[in-house]
>>> print(open('target20.cif').read())   # mmCIF, C-alpha atoms and all ligand atoms
data_my_file
#
loop_
_atom_site.label_atom_id
_atom_site.label_comp_id
_atom_site.auth_asym_id
_atom_site.auth_seq_id
_atom_site.Cartn_x
_atom_site.Cartn_y
_atom_site.Cartn_z
CA MET A 770 -14.18 20.05 -20.98
CA SER A 771 -17.92 20.50 -20.38
CA ARG A 772 -19.01 17.02 -19.27
CA PRO A 773 -16.16 14.48 -19.33
CA ASP A 774 -16.76 10.74 -19.39
CA LEU A 775 -15.00 10.41 -16.03
CA LEU A 776 -14.08 12.54 -13.03
CA LEU A 777 -11.17 11.04 -11.09
CA LEU A 778 -11.25 12.24 -7.49
CA GLY A 779 -7.85 12.75 -5.90
CA ALA A 780 -4.56 12.65 -7.81
CA GLY A 781 -2.93 9.92 -5.75
CA LEU A 782 -1.50 6.60 -6.77
CA ALA A 783 -4.78 4.97 -7.86
CA SER A 784 -6.12 7.94 -9.86
CA GLY A 785 -2.71 8.57 -11.40
CA LEU A 786 -2.50 4.99 -12.65
CA ILE A 787 -6.06 5.09 -14.02
CA ALA A 788 -5.23 8.35 -15.83
CA GLN A 789 -2.08 6.76 -17.22
CA ALA A 790 -3.95 3.62 -18.37
CA LEU A 791 -6.71 5.65 -20.07
CA THR A 792 -4.22 7.97 -21.78
CA GLU A 793 -2.29 4.96 -23.02
CA HIS A 794 -5.11 2.60 -24.02
CA ARG A 795 -8.34 4.61 -24.30
CA PRO A 796 -7.47 8.01 -25.77
CA GLU A 797 -11.14 8.47 -26.78
CA VAL A 798 -12.24 8.55 -23.09
CA SER A 799 -12.34 12.11 -21.73
CA PHE A 800 -11.54 12.61 -18.06
CA LEU A 801 -10.65 15.27 -15.50
CA VAL A 802 -8.62 14.65 -12.33
CA LEU A 803 -9.46 16.78 -9.28
CA GLU A 804 -6.86 17.16 -6.53
CA ARG A 805 -6.89 19.39 -3.47
CA GLY A 806 -3.08 19.47 -3.16
CA PRO A 807 -0.46 21.02 -5.44
CA SER A 808 0.93 17.83 -7.04
CA ILE A 809 0.23 14.29 -8.21
CA GLY A 810 1.04 11.60 -5.66
CA GLY A 811 1.72 13.74 -2.57
CA ASN A 812 4.82 12.84 -0.59
CA HIS A 813 5.38 9.09 -0.82
CA THR A 814 7.94 6.50 -1.77
CA TRP A 815 6.10 3.49 -3.18
CA CYS A 816 8.00 0.24 -3.44
CA PHE A 817 7.12 -3.11 -4.96
CA HIS A 818 8.64 -6.40 -6.06
CA PRO A 819 8.92 -7.12 -9.81
CA ASP A 820 6.69 -10.22 -9.50
CA ASP A 821 3.88 -8.13 -7.97
CA LEU A 822 2.82 -6.87 -11.40
CA GLY A 823 1.67 -8.74 -14.50
CA GLN A 824 2.40 -7.85 -18.13
CA ALA A 825 -0.64 -5.60 -18.43
CA GLU A 826 0.25 -3.59 -15.32
CA ALA A 827 4.04 -3.20 -15.28
CA PRO A 828 4.21 -0.71 -18.21
CA LEU A 829 1.78 1.62 -16.42
CA ILE A 830 4.23 2.30 -13.60
CA GLU A 831 7.48 1.84 -15.52
CA PRO A 832 7.96 5.55 -16.49
CA ALA A 833 7.81 6.51 -12.81
CA VAL A 834 10.27 3.93 -11.44
CA GLY A 835 13.11 5.90 -9.87
CA HIS A 836 15.26 3.17 -8.35
CA ARG A 837 15.64 -0.56 -8.86
CA TRP A 838 17.86 -2.99 -7.00
CA PRO A 839 18.69 -6.60 -7.97
CA VAL A 840 18.41 -7.96 -4.40
CA HIS A 841 16.98 -7.01 -1.02
CA SER A 842 17.45 -8.29 2.54
CA VAL A 843 15.80 -8.84 5.89
CA ILE A 844 17.40 -9.08 9.34
CA PHE A 845 15.68 -10.97 12.17
CA PRO A 846 16.71 -12.19 15.61
CA ASN A 847 17.54 -15.92 15.37
CA LEU A 848 17.77 -15.65 11.57
CA GLY A 849 20.45 -13.03 11.07
CA HIS A 850 20.89 -11.25 7.75
CA ARG A 851 19.12 -12.98 4.85
CA GLN A 852 19.64 -11.71 1.31
CA ILE A 853 16.71 -12.44 -0.99
CA ASP A 854 17.78 -12.76 -4.60
CA ALA A 855 14.79 -10.96 -5.99
CA GLY A 856 14.58 -7.38 -7.21
CA TYR A 857 12.97 -4.41 -5.53
CA LEU A 858 11.71 -1.24 -7.21
CA CYS A 859 10.74 2.16 -5.96
CA VAL A 860 8.59 4.99 -7.28
CA PRO A 861 9.23 8.39 -5.67
CA SER A 862 6.12 10.55 -5.88
CA GLU A 863 8.05 13.47 -7.48
CA ARG A 864 8.92 11.16 -10.34
CA PHE A 865 5.30 9.94 -10.57
CA HIS A 866 4.28 13.59 -10.86
CA ALA A 867 7.00 14.36 -13.43
CA ALA A 868 6.00 11.36 -15.58
CA LEU A 869 2.26 12.13 -15.51
CA ALA A 870 1.80 15.90 -15.34
CA PRO A 871 2.99 16.63 -18.91
CA ARG A 872 0.62 13.94 -20.24
CA LEU A 873 -2.39 15.27 -18.34
CA ARG A 874 -1.91 19.04 -18.87
CA ASP A 875 -5.42 20.56 -18.73
CA ARG A 876 -6.98 17.24 -17.64
CA ILE A 877 -5.96 17.86 -14.02
CA ARG A 878 -7.01 20.61 -11.60
CA PHE A 879 -5.00 21.24 -8.44
CA GLY A 880 -6.36 23.10 -5.42
CA ALA A 881 -9.81 21.52 -5.96
CA GLU A 882 -11.24 20.51 -2.57
CA ILE A 883 -14.12 18.05 -3.10
CA VAL A 884 -16.89 18.26 -0.52
CA GLU A 885 -19.77 16.23 -1.98
CA VAL A 886 -19.90 13.28 -4.33
CA THR A 887 -22.62 11.42 -6.25
CA PRO A 888 -22.07 8.69 -8.87
CA THR A 889 -22.06 11.35 -11.63
CA SER A 890 -21.18 14.67 -9.97
CA VAL A 891 -19.03 16.44 -7.40
CA ARG A 892 -19.34 19.70 -5.55
CA LEU A 893 -16.17 21.60 -4.72
CA ALA A 894 -15.56 23.73 -1.64
CA SER A 895 -15.81 26.76 -3.94
CA GLY A 896 -19.44 25.78 -4.63
CA GLU A 897 -18.75 24.76 -8.22
CA VAL A 898 -20.57 21.59 -9.33
CA LEU A 899 -18.98 19.33 -11.96
CA GLU A 900 -20.80 16.54 -13.78
CA ALA A 901 -19.54 13.52 -15.68
CA GLY A 902 -20.64 10.17 -17.10
CA ALA A 903 -19.17 8.65 -13.91
CA VAL A 904 -17.08 9.62 -10.92
CA ILE A 905 -14.28 7.42 -9.54
CA ASP A 906 -13.61 8.22 -5.90
CA ALA A 907 -9.92 7.62 -5.15
CA ARG A 908 -9.42 10.04 -2.26
CA GLY A 909 -7.51 7.56 -0.09
CA ALA A 910 -8.68 5.45 2.85
CA ALA A 911 -11.94 6.34 4.60
CA PRO A 912 -13.04 4.82 7.94
CA SER A 913 -15.80 2.20 7.74
CA PRO A 914 -17.77 0.53 10.54
CA HIS A 915 -17.79 -2.64 8.42
CA VAL A 916 -14.10 -3.48 8.72
CA SER A 917 -11.85 -4.00 11.74
CA LEU A 918 -8.33 -2.81 11.36
CA GLY A 919 -4.90 -3.02 12.86
CA PHE A 920 -2.36 -0.48 11.67
CA GLN A 921 1.06 -0.33 10.13
CA LYS A 922 2.48 3.05 11.01
CA PHE A 923 5.76 4.51 10.06
CA CYS A 924 7.92 7.58 9.83
CA GLY A 925 10.85 7.80 7.44
CA LEU A 926 13.70 10.26 7.11
CA GLU A 927 15.63 10.60 3.88
CA VAL A 928 19.10 11.57 5.02
CA GLN A 929 22.37 12.71 3.56
CA LEU A 930 25.31 10.87 5.12
CA ASP A 931 28.80 12.17 5.77
CA GLU A 932 30.36 8.96 4.48
CA PRO A 933 29.15 6.51 1.82
CA LEU A 934 27.67 3.15 2.84
CA ALA A 935 28.27 -0.22 1.24
CA LEU A 936 24.67 -1.52 1.22
CA ASP A 937 23.92 -4.04 -1.56
CA GLY A 938 20.27 -3.14 -1.68
CA PRO A 939 17.28 -2.29 0.48
CA VAL A 940 16.87 -3.85 3.91
CA ILE A 941 13.10 -4.12 3.96
CA MET A 942 12.87 -5.32 7.57
CA ASP A 943 15.53 -5.06 10.25
CA ALA A 944 13.60 -6.50 13.19
CA THR A 945 16.53 -6.59 15.60
CA VAL A 946 15.26 -3.31 17.10
CA PRO A 947 13.39 -3.34 20.47
CA GLN A 948 9.91 -4.87 20.08
CA GLU A 949 7.82 -2.47 22.15
CA GLY A 950 4.04 -2.21 21.67
CA GLY A 951 3.89 -4.23 18.44
CA PHE A 952 6.01 -5.70 15.68
CA ARG A 953 8.69 -3.09 14.98
CA PHE A 954 11.32 -2.91 12.32
CA VAL A 955 13.46 -0.45 10.41
CA TYR A 956 13.39 -0.22 6.62
CA THR A 957 16.34 1.19 4.69
CA LEU A 958 16.37 2.18 1.01
CA PRO A 959 19.80 3.21 -0.31
CA PHE A 960 19.10 5.74 -3.07
CA ALA A 961 22.81 6.56 -3.39
CA PRO A 962 25.86 5.48 -1.35
CA ASP A 963 25.49 8.61 0.80
CA ARG A 964 21.68 9.10 0.63
CA VAL A 965 19.25 6.71 2.31
CA LEU A 966 15.63 6.61 3.37
CA ILE A 967 15.40 5.10 6.86
CA GLU A 968 11.91 4.29 8.13
CA ALA A 969 10.86 3.16 11.61
CA THR A 970 7.74 0.98 11.33
CA SER A 971 5.35 -0.59 13.80
CA TYR A 972 2.42 -2.99 13.40
CA ALA A 973 0.24 -1.68 16.20
CA ASN A 974 -3.35 -1.73 17.46
CA SER A 975 -3.89 2.03 17.46
CA PRO A 976 -3.58 4.47 14.54
CA GLN A 977 -1.93 7.24 16.58
CA LEU A 978 1.49 8.01 15.16
CA PRO A 979 3.94 9.60 17.57
CA ALA A 980 5.97 10.88 14.61
CA GLU A 981 8.61 12.59 16.77
CA THR A 982 9.35 9.37 18.64
CA PHE A 983 9.57 7.46 15.38
CA ALA A 984 11.88 10.11 13.89
CA SER A 985 14.20 9.93 16.90
CA ASP A 986 14.14 6.10 16.61
CA VAL A 987 15.37 6.52 13.03
CA LEU A 988 18.24 8.77 14.10
CA ALA A 989 19.13 6.42 16.97
CA TYR A 990 19.17 3.49 14.52
CA ALA A 991 21.50 5.38 12.15
CA LYS A 992 23.78 6.24 15.07
CA ALA A 993 23.86 2.64 16.32
CA LYS A 994 24.89 1.54 12.82
CA GLY A 995 27.70 4.11 12.82
CA TRP A 996 26.06 6.09 9.97
CA LYS A 997 26.81 9.80 10.33
CA VAL A 998 23.78 11.88 9.32
CA ALA A 999 24.87 15.18 7.73
CA LYS A 1000 21.31 16.42 7.18
CA VAL A 1001 17.69 15.34 6.95
CA ILE A 1002 16.49 15.96 3.38
CA ARG A 1003 12.85 14.94 3.67
CA GLU A 1004 10.37 13.24 6.00
CA GLU A 1005 7.47 10.98 5.10
CA LYS A 1006 5.01 9.33 7.41
CA GLY A 1007 1.86 7.30 7.20
CA VAL A 1008 -0.61 4.98 8.86
CA LEU A 1009 -1.74 2.09 6.69
CA PRO A 1010 -4.80 -0.09 7.32
CA ILE A 1011 -4.18 -3.78 8.07
CA THR A 1012 -7.55 -5.52 7.75
CA LEU A 1013 -8.47 -8.08 10.39
CA ALA A 1014 -12.02 -8.91 9.35
CA GLY A 1015 -15.05 -7.32 7.76
CA ASP A 1016 -18.28 -7.43 5.84
CA VAL A 1017 -17.32 -6.62 2.28
CA GLN A 1018 -20.92 -6.44 0.97
CA ALA A 1019 -21.83 -3.83 3.62
CA PHE A 1020 -18.60 -1.95 2.87
CA TRP A 1021 -19.68 -1.59 -0.78
CA GLU A 1022 -23.28 -0.65 0.15
CA GLU A 1023 -21.77 2.40 1.89
CA ALA A 1024 -20.45 3.58 -1.47
CA ARG A 1025 -24.05 4.25 -2.66
CA GLY A 1026 -23.25 3.55 -6.29
CA VAL A 1027 -20.11 5.73 -6.43
CA PRO A 1028 -17.32 3.80 -8.18
CA ARG A 1029 -14.20 3.73 -6.00
CA ALA A 1030 -10.50 3.03 -6.49
CA GLY A 1031 -7.34 2.65 -4.40
CA LEU A 1032 -7.48 2.42 -0.61
CA ARG A 1033 -11.02 3.83 -0.76
CA ALA A 1034 -12.06 0.62 -2.59
CA GLY A 1035 -10.28 -1.57 -0.03
CA LEU A 1036 -7.84 -2.53 -2.79
CA PHE A 1037 -4.58 -3.16 -1.00
CA HIS A 1038 -2.53 -6.13 0.14
CA GLN A 1039 -4.30 -7.08 3.32
CA ALA A 1040 -1.17 -8.10 5.20
CA THR A 1041 1.12 -5.23 4.20
CA GLY A 1042 -1.25 -2.32 3.46
CA TYR A 1043 0.62 -1.77 0.17
CA SER A 1044 -1.61 -0.82 -2.73
CA LEU A 1045 0.57 -0.24 -5.77
CA PRO A 1046 0.00 -3.66 -7.43
CA GLU A 1047 -3.76 -3.57 -6.74
CA ALA A 1048 -3.99 0.00 -8.05
CA ALA A 1049 -2.20 -1.00 -11.26
CA ARG A 1050 -4.51 -4.03 -11.69
CA LEU A 1051 -7.63 -1.91 -11.30
CA ALA A 1052 -6.29 0.74 -13.71
CA ALA A 1053 -5.70 -1.97 -16.34
CA LEU A 1054 -9.21 -3.34 -15.71
CA ILE A 1055 -10.85 0.10 -16.09
CA ALA A 1056 -8.98 0.65 -19.36
CA ARG A 1057 -10.42 -2.66 -20.63
CA THR A 1058 -13.98 -1.85 -19.53
CA ARG A 1059 -16.14 -0.77 -22.47
CA ASP A 1060 -19.15 0.59 -20.58
CA LEU A 1061 -17.88 3.40 -18.36
CA SER A 1062 -21.33 4.65 -17.30
CA ALA A 1063 -21.61 5.03 -13.50
CA PRO A 1064 -23.83 1.95 -12.85
CA ALA A 1065 -21.74 -0.34 -15.10
CA LEU A 1066 -18.43 0.92 -13.72
CA PHE A 1067 -19.63 0.60 -10.14
CA ALA A 1068 -20.73 -3.01 -10.78
CA THR A 1069 -17.41 -3.89 -12.47
CA ILE A 1070 -15.23 -2.36 -9.74
CA ARG A 1071 -17.37 -3.74 -6.92
CA GLU A 1072 -17.24 -7.26 -8.34
CA HIS A 1073 -13.47 -7.02 -8.83
CA ALA A 1074 -12.89 -5.66 -5.31
CA ILE A 1075 -15.10 -8.30 -3.69
CA ARG A 1076 -13.23 -11.02 -5.57
CA ARG A 1077 -9.87 -9.58 -4.43
CA TRP A 1078 -11.24 -9.39 -0.85
CA ARG A 1079 -12.18 -13.07 -0.98
CA ASP A 1080 -8.86 -14.04 -2.57
CA GLN A 1081 -7.08 -12.42 0.37
CA GLY A 1082 -8.92 -14.17 3.21
CA PHE A 1083 -5.74 -16.00 4.18
CA TYR A 1084 -3.86 -12.72 4.70
CA ARG A 1085 -6.61 -11.39 6.97
CA ALA A 1086 -6.33 -14.61 8.98
CA ILE A 1087 -2.58 -14.01 9.34
CA ASN A 1088 -3.34 -10.47 10.49
CA ARG A 1089 -5.75 -11.74 13.13
CA MET A 1090 -3.11 -14.14 14.35
CA LEU A 1091 -0.67 -11.24 14.52
CA PHE A 1092 -2.95 -8.67 16.15
CA LEU A 1093 -5.40 -10.73 18.21
CA ALA A 1094 -3.49 -13.82 19.28
CA ALA A 1095 0.13 -12.74 19.60
CA GLU A 1096 1.40 -10.55 22.42
CA PRO A 1097 2.66 -7.30 20.81
CA GLU A 1098 6.27 -8.09 21.75
CA ARG A 1099 6.02 -11.59 20.22
CA ARG A 1100 4.57 -10.52 16.86
CA VAL A 1101 8.09 -10.43 15.48
CA GLN A 1102 8.17 -14.23 15.62
CA VAL A 1103 5.33 -14.52 13.08
CA PHE A 1104 7.43 -12.65 10.51
CA GLY A 1105 10.66 -14.32 11.66
CA HIS A 1106 9.12 -17.71 10.81
CA PHE A 1107 7.88 -16.40 7.44
CA TYR A 1108 11.31 -15.15 6.38
CA ARG A 1109 12.84 -18.60 6.84
CA LEU A 1110 10.71 -19.86 3.95
CA PRO A 1111 11.88 -20.17 0.31
CA ALA A 1112 12.22 -17.00 -1.77
CA PRO A 1113 9.58 -17.98 -4.41
CA LEU A 1114 7.00 -18.48 -1.63
CA ILE A 1115 7.87 -15.04 -0.21
CA ALA A 1116 7.50 -13.51 -3.70
CA ARG A 1117 4.06 -15.11 -4.15
CA PHE A 1118 2.99 -13.78 -0.73
CA TYR A 1119 3.86 -10.19 -1.65
CA ALA A 1120 2.19 -10.61 -5.04
CA GLY A 1121 -0.96 -11.77 -3.20
CA GLN A 1122 -0.77 -15.13 -4.98
CA SER A 1123 0.05 -17.63 -2.23
CA THR A 1124 -0.80 -21.21 -3.21
CA ALA A 1125 -2.60 -23.65 -0.91
CA PHE A 1126 0.75 -25.32 -0.22
CA ASP A 1127 2.35 -21.93 0.58
CA LYS A 1128 -0.41 -21.29 3.12
CA VAL A 1129 0.22 -24.61 4.83
CA ARG A 1130 3.95 -23.83 4.98
CA ILE A 1131 3.35 -20.33 6.37
CA LEU A 1132 1.18 -21.76 9.15
CA SER A 1133 3.30 -24.84 9.84
CA GLY A 1134 6.01 -25.22 12.47
CA LYS A 1135 5.93 -24.21 16.10
CA PRO A 1136 3.31 -21.45 16.31
CA PRO A 1137 4.58 -18.18 17.79
CA VAL A 1138 1.27 -17.72 19.61
CA PRO A 1139 -0.68 -19.95 22.04
CA ILE A 1140 -2.62 -22.51 19.94
CA PRO A 1141 -6.13 -21.79 21.40
CA HIS A 1142 -5.60 -18.05 20.72
CA ALA A 1143 -4.42 -18.78 17.19
CA VAL A 1144 -7.39 -21.05 16.43
CA GLY A 1145 -9.86 -18.46 17.78
CA ALA A 1146 -8.25 -15.64 15.83
CA LEU A 1147 -8.06 -17.59 12.58
CA ALA A 1148 -11.75 -18.54 12.81
CA ARG A 1149 -13.05 -14.93 13.05
CA ARG A 1150 -14.55 -13.54 9.88
CA HIS A 1151 -16.68 -10.56 10.88
CA PRO A 1152 -15.74 -7.10 12.15
CA ILE A 1153 -14.47 -7.45 15.70
CA GLY A 1154 -17.39 -6.56 17.94
CA ALA A 1155 -19.96 -7.85 15.42
CA PRO A 1156 -21.53 -11.28 15.84
CA ALA A 1157 -19.14 -13.90 14.48
C1 LIG A 1201 4.19 7.27 3.43
C2 LIG A 1201 3.55 6.05 2.73
C3 LIG A 1201 4.36 5.11 2.08
C4 LIG A 1201 3.78 4.02 1.42
N1 LIG A 1201 4.58 3.10 0.82
C5 LIG A 1201 4.03 2.15 0.04
C6 LIG A 1201 4.84 1.28 -0.73
O1 LIG A 1201 6.07 1.31 -0.60
N2 LIG A 1201 4.25 0.41 -1.58
C7 LIG A 1201 2.90 0.34 -1.71
O2 LIG A 1201 2.37 -0.43 -2.54
N3 LIG A 1201 2.10 1.09 -0.90
C8 LIG A 1201 2.63 2.00 -0.06
N4 LIG A 1201 1.82 2.79 0.69
C9 LIG A 1201 0.39 2.47 0.76
C10 LIG A 1201 -0.45 2.96 -0.39
O3 LIG A 1201 0.02 2.43 -1.61
C11 LIG A 1201 -0.45 4.46 -0.48
O4 LIG A 1201 -1.09 4.97 0.68
C12 LIG A 1201 -1.14 4.98 -1.74
O5 LIG A 1201 -0.74 6.31 -1.94
C13 LIG A 1201 -2.65 4.87 -1.68
O6 LIG A 1201 -3.16 5.23 -2.92
P1 LIG A 1201 -4.57 5.93 -3.11
O7 LIG A 1201 -4.60 6.40 -4.51
O8 LIG A 1201 -5.64 5.07 -2.60
O9 LIG A 1201 -4.52 7.20 -2.13
P2 LIG A 1201 -3.53 8.44 -2.14
O10 LIG A 1201 -2.31 8.14 -2.93
O11 LIG A 1201 -3.37 8.87 -0.73
O12 LIG A 1201 -4.34 9.54 -2.95
C14 LIG A 1201 -5.46 10.19 -2.46
C15 LIG A 1201 -5.46 11.59 -3.05
O13 LIG A 1201 -6.73 12.19 -2.83
C16 LIG A 1201 -6.54 13.53 -2.46
N5 LIG A 1201 -7.71 13.96 -1.69
C17 LIG A 1201 -8.15 13.46 -0.52
N6 LIG A 1201 -9.29 14.08 -0.12
C18 LIG A 1201 -9.57 15.00 -1.09
C19 LIG A 1201 -10.60 15.94 -1.25
N7 LIG A 1201 -11.60 16.07 -0.35
N8 LIG A 1201 -10.59 16.71 -2.36
C20 LIG A 1201 -9.60 16.59 -3.29
N9 LIG A 1201 -8.59 15.70 -3.18
C21 LIG A 1201 -8.57 14.92 -2.10
C22 LIG A 1201 -5.26 13.50 -1.61
O14 LIG A 1201 -4.67 14.78 -1.53
C23 LIG A 1201 -4.42 12.49 -2.38
O15 LIG A 1201 -3.63 13.09 -3.36
C24 LIG A 1201 2.38 3.86 1.40
C25 LIG A 1201 1.59 4.78 2.10
C26 LIG A 1201 2.16 5.86 2.77
C27 LIG A 1201 1.25 6.81 3.54
#
>>> encode(input="target20.cif", output="structure tokens")
Amino acid sequence: MSRPDLLLLGAGLASGLIAQALTEHRPEVSFLVLERGPSIGGNHTWCFHPDDLGQAEAPLIEPAVGHRWPVHSVIFPNLGHRQIDAGYLCVPSERFHAALAPRLRDRIRFGAEIVEVTPTSVRLASGEVLEAGAVIDARGAAPSPHVSLGFQKFCGLEVQLDEPLALDGPVIMDATVPQEGGFRFVYTLPFAPDRVLIEATSYANSPQLPAETFASDVLAYAKAKGWKVAKVIREEKGVLPITLAGDVQAFWEEARGVPRAGLRAGLFHQATGYSLPEAARLAALIARTRDLSAPALFATIREHAIRRWRDQGFYRAINRMLFLAAEPERRVQVFGHFYRLPAPLIARFYAGQSTAFDKVRILSGKPPVPIPHAVGALARRHPIGAPA
């Protein structure tokens, strides 16, 4: 392929979905995916709720769905175990790779370390320069001085158990664990009666991940539950951005005309750090975009991302309440209050589609943080440290 229409940088979730959408809906568009690693999607387990995706997006991810459950649960102090009668789906990255790789064949290059990017070209570590009609930079999150972040960090162990469990479905938050240094919970995905992914998670102010401590928390949790771990099959870990405030125009100026996707475009749920639904939405949008030249694509993606940023202002306000106003050990109460609310409201929250009435309900009741702190935190709009 001498000069493809598009170069997709990184073969992660966002690039993979764009490649899938183009293959499906725009077979005339030529593209090449460049990835430094050996596979598509790295080492992740991506989960989502069925209502997170619309009709245009769901088919893009469908071939890669590895597990689906009809219900899921949360466990909170003062709430107990609450089953939510809504489905939960999971995409293991090996399956994402297996679904996509045969469709991409020679349209993907592994072991390609990208070192320099312009809107229409990239330079690889080998010195090779590749040109295209446009580049889409989807190499994952990059730090920016224009946004202030908290962090959701986690470490998960997929384990084989000696004896089968009788879990009905995923427990997406068990917050009855000690609340030290931030909101902490354990997340359990039962892939089979005797094979589960158990993840220790913390909403914390710093991005440092003491993975060994988290891993021993996971094993301690399993032990406390009476689950006998026969062996650890796999480990996954990550630190996700939780946006508190920012200047979205300045964030996009930094891109210098390079179209972006995924976390690099700031396209993720601002309260959870999850990006699968946003990545699928952008992939569907790119497949609908006629003019894929670099300036037109940049303008389309930028406008979309700025609109999604503005749509999610309420979630950033919640984050500020969580990170700036609540004592780390009391952050659990913000979520505890949320999970008392009706299931359709919870579904709209995760889909990033909370109504005005939902927002009032989420903020109503006895606040878990001192009111002056909450009011101050909710009012902030700009990066922390910048003039408000
Ligand atoms: C362990 C983990 C679990 C997660 N779970 C969920 C979940 O359940 N649901 C959800 O919606 N979100 C989840 N997320 C959040 C988010 O959806 C993922 O981080 C998602 O993978 C981000 O997609 P992306 O395409 O922006 O970046 P990535 O998927 O990280 O892809 C970036 C790709 O770019 C490549 N790359 C980077 N630099 C270069 C370079 N210089 N040259 C070449 N290639 C490069 C990387 O190797 C990688 O393959 C999770 C994140 C993590 C870390």
>>> residues_around(input="target20.cif", residues="Phe817 of chain A", least_positions_apart="4", cutoff="10 Å", atoms="all atoms listed in the file", output="PyMOL selection string")
chain A and resi 821-822+837+856-860+1043-1046+1119-1120
>>> atom_distance(input="target20.cif", atom1="atom CA of Arg864 of chain A", atom2="atom CA of Glu927 of chain A")
15.7 Å
>>> residues_near_ligand(input="target20.cif", ligand="ligand LIG 1201 (chain A)", cutoff="7 Å", atoms="all atoms listed in the file", output="number ranges by chain")
A: 778-784, 803-806, 809-817, 881-884, 907-910, 1005-1009, 1030-1033, 1042-1046
>>> write_last_selection(input="target20.cif", atoms="C-alpha atoms", output="JSON list (two decimals), keeping the file's coordinate frame")
[["chain", "number", "residue", "atom", "x", "y", "z"],
["A", 778, "LEU", "CA", -11.25, 12.24, -7.49],
["A", 779, "GLY", "CA", -7.85, 12.75, -5.90],
["A", 780, "ALA", "CA", -4.56, 12.65, -7.81],
["A", 781, "GLY", "CA", -2.93, 9.92, -5.75],
["A", 782, "LEU", "CA", -1.50, 6.60, -6.77],
["A", 783, "ALA", "CA", -4.78, 4.97, -7.86],
["A", 784, "SER", "CA", -6.12, 7.94, -9.86],
["A", 803, "LEU", "CA", -9.46, 16.78, -9.28],
["A", 804, "GLU", "CA", -6.86, 17.16, -6.53],
["A", 805, "ARG", "CA", -6.89, 19.39, -3.47],
["A", 806, "GLY", "CA", -3.08, 19.47, -3.16],
["A", 809, "ILE", "CA", 0.23, 14.29, -8.21],
["A", 810, "GLY", "CA", 1.04, 11.60, -5.66],
["A", 811, "GLY", "CA", 1.72, 13.74, -2.57],
["A", 812, "ASN", "CA", 4.82, 12.84, -0.59],
["A", 813, "HIS", "CA", 5.38, 9.09, -0.82],
["A", 814, "THR", "CA", 7.94, 6.50, -1.77],
["A", 815, "TRP", "CA", 6.10, 3.49, -3.18],
["A", 816, "CYS", "CA", 8.00, 0.24, -3.44],
["A", 817, "PHE", "CA", 7.12, -3.11, -4.96],
["A", 881, "ALA", "CA", -9.81, 21.52, -5.96],
["A", 882, "GLU", "CA", -11.24, 20.51, -2.57],
["A", 883, "ILE", "CA", -14.12, 18.05, -3.10],
["A", 884, "VAL", "CA", -16.89, 18.26, -0.52],
["A", 907, "ALA", "CA", -9.92, 7.62, -5.15],
["A", 908, "ARG", "CA", -9.42, 10.04, -2.26],
["A", 909, "GLY", "CA", -7.51, 7.56, -0.09],
["A", 910, "ALA", "CA", -8.68, 5.45, 2.85],
["A", 1005, "GLU", "CA", 7.47, 10.98, 5.10],
["A", 1006, "LYS", "CA", 5.01, 9.33, 7.41],
["A", 1007, "GLY", "CA", 1.86, 7.30, 7.20],
["A", 1008, "VAL", "CA", -0.61, 4.98, 8.86],
["A", 1009, "LEU", "CA", -1.74, 2.09, 6.69],
["A", 1030, "ALA", "CA", -10.50, 3.03, -6.49],
["A", 1031, "GLY", "CA", -7.34, 2.65, -4.40],
["A", 1032, "LEU", "CA", -7.48, 2.42, -0.61],
["A", 1033, "ARG", "CA", -11.02, 3.83, -0.76],
["A", 1042, "GLY", "CA", -1.25, -2.32, 3.46],
["A", 1043, "TYR", "CA", 0.62, -1.77, 0.17],
["A", 1044, "SER", "CA", -1.61, -0.82, -2.73],
["A", 1045, "LEU", "CA", 0.57, -0.24, -5.77],
["A", 1046, "PRO", "CA", 0.00, -3.66, -7.43]]
>>> closest_residue(input="target20.cif", among="A:Ser913, A:Ser771, A:Gln929, A:Gln1018", to="Phe800 of chain A", atoms="only C-alpha atoms")
A:Ser771
>>> residues_around(input="target20.cif", residues="segment 938-952 of chain A", least_positions_apart="3", cutoff="6 Å", atoms="only C-alpha atoms", output="list in words")
Trp838, Val840, His841, Ser842, Val843, Ile844, Phe845, Pro846, Val955, Tyr956, Thr957, Leu958, Ser971, Tyr972, Ala973, Pro1097, Glu1098, Arg1100 and Val1101 of chain A
>>> write_last_selection(input="target20.cif", atoms="C-alpha atoms", output="CSV table (one decimal), in the frame of the given file")
chain,number,residue,atom,x,y,z
A,838,TRP,CA,17.9,-3.0,-7.0
A,840,VAL,CA,18.4,-8.0,-4.4
A,841,HIS,CA,17.0,-7.0,-1.0
A,842,SER,CA,17.4,-8.3,2.5
A,843,VAL,CA,15.8,-8.8,5.9
A,844,ILE,CA,17.4,-9.1,9.3
A,845,PHE,CA,15.7,-11.0,12.2
A,846,PRO,CA,16.7,-12.2,15.6
A,955,VAL,CA,13.5,-0.4,10.4
A,956,TYR,CA,13.4,-0.2,6.6
A,957,THR,CA,16.3,1.2,4.7
A,958,LEU,CA,16.4,2.2,1.0
A,971,SER,CA,5.4,-0.6,13.8
A,972,TYR,CA,2.4,-3.0,13.4
A,973,ALA,CA,0.2,-1.7,16.2
A,1097,PRO,CA,2.7,-7.3,20.8
A,1098,GLU,CA,6.3,-8.1,21.8
A,1100,ARG,CA,4.6,-10.5,16.9
A,1101,VAL,CA,8.1,-10.4,15.5
>>> closest_residue(input="target20.cif", among="A:Arg874, A:His818, A:Arg892, A:His1073", to="Ala855 of chain A", atoms="all atoms listed in the file")
A:His818
